[in-house]
Structures are given as C-alpha cells and as structure tokens.
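**Student:** This is the structure I want to talk about, given as structure tokens.
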Amino acid sequence: ARRAVRRLRRGCTAEEEAELAAAGESSSSSSGDASFRLWDCKRSLIVAMGLQFFLQFSGINAIMMYATDIFAQAGIEQAELATVVMVAVELASGIACCKLVEAFGRRRLLQLSGLTMCVSHAGMAYYYWARAAAQWAPPSLALVSMCLCVIGFSAG
C-alpha cells in the first residue's frame, strides 16, 4: 500500500506514513470474516447506490444510442460526423478526467459533473422547446449540449 501511495502521489508525507502504518496495524489485528460487516459500511453503500442510480437515470444511454437521430432532427447535415465528434469528445474527456481526479478530488469532480450535466440537459430542453415553439434554436446548440453532457458524464 505504501508503494502505491508513493507512486500515485509522488512521495508520502510523514502524516500519510503514520496513517498507512495505523491502517496496517488495524487490518492485521482483525480477523478475516469479522473485519467486514455490511452495516459498518452503510454510508458508503448508500452513496455508491445513489451514484449508480443517478448515472443510470442521467440519460446518457439514450443520448449515445440516439445521437445520430438527434443530430439529424437538429438539422445537422452530417449527423454521423457529429456523432463521431461527440464520441471523440467522450474519449478525450475520459482520459483528461483520469488526471483531474487526482488533482481536484472526486467530490469536486462529481459536483462539476452534476452541474455540467444539468446545464447540458437544460440546453437540450431549450433547443427542443424552441424548435416546437418556432423560436430561435441553432443546430449547434444540440451538438454543444450533447458534447457537454458526455463531458459531464465522463467527469462523474
């Protein structure tokens, strides 16, 4: 564990060394089955289940599945190319977020992800509302909103 922490954080402080030593002592003193109790981890389990719930209901599956159709309805002539751009944005943001997790922390990145997805969903909702009401709705709004949604999902 010490090697992993040193490698990830490029060295340990004295405080982190003491924390690792304490964790090692507590894990070696507990017995195998008795050390893990489900309800000792209740808060972590609730947070993990909540995150999974929100990931599934964020709409990313529908956005990815129907991206080409959404772009075609938005009036983008090369809908397939727009879908490829969206997937490239997803790939780039996934790689970038791997580095950003260590720099900013998971909590901040998760908050930023939620905010980004809310803004992108609002942009898509405005686009479809404006189209139905014959208001101003540029096709690029659909592309930008979907790319923002993918970036937000990758960050979370």
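Residues in the structure tokens are numbered from 1 in each chain, the chains being A, B, ... in the order shown, and ligands are numbered from 1 in the order shown.
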Excluding stretch 131-145 of chain A and residues on its chain fewer than 3 positions from it, collect all residues at most 12 Å away from it, counting only C-alpha atoms, and give them as an MDAnalysis selection string.
**Tutor:** chainID A and resid 63 67:87 89 116:128 148:152
**Student:** Find the residue from A:Ala155, A:Leu91, A:Met65, A:Ala96 that sits nearest to A:Leu109; use only C-alpha atoms when measuring.
**Tutor:** A:Ala155
**Student:** Just asking: which residues within stretch 13-148 of chain A are helix (DSSP H, G or I) according to DSSP, as a PyMOL selection string?
**Tutor:** chain A and resi 14-29+38-56+60-65+67-73+79-104+106-132+139-148
**Student:** What does the distance from atom CA of A:Cys147 to atom CA of A:Ser113 come to in Å, to one decimal?
**Tutor:** 12.7 Å
**Student:** Mind pulling up the distance from atom CA of A:Arg108 to atom CA of A:Gln52?
**Tutor:**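 Calculated distance between atom CA of A:Gln52 and atom CA of A:Arg108 is 17.5 Å.
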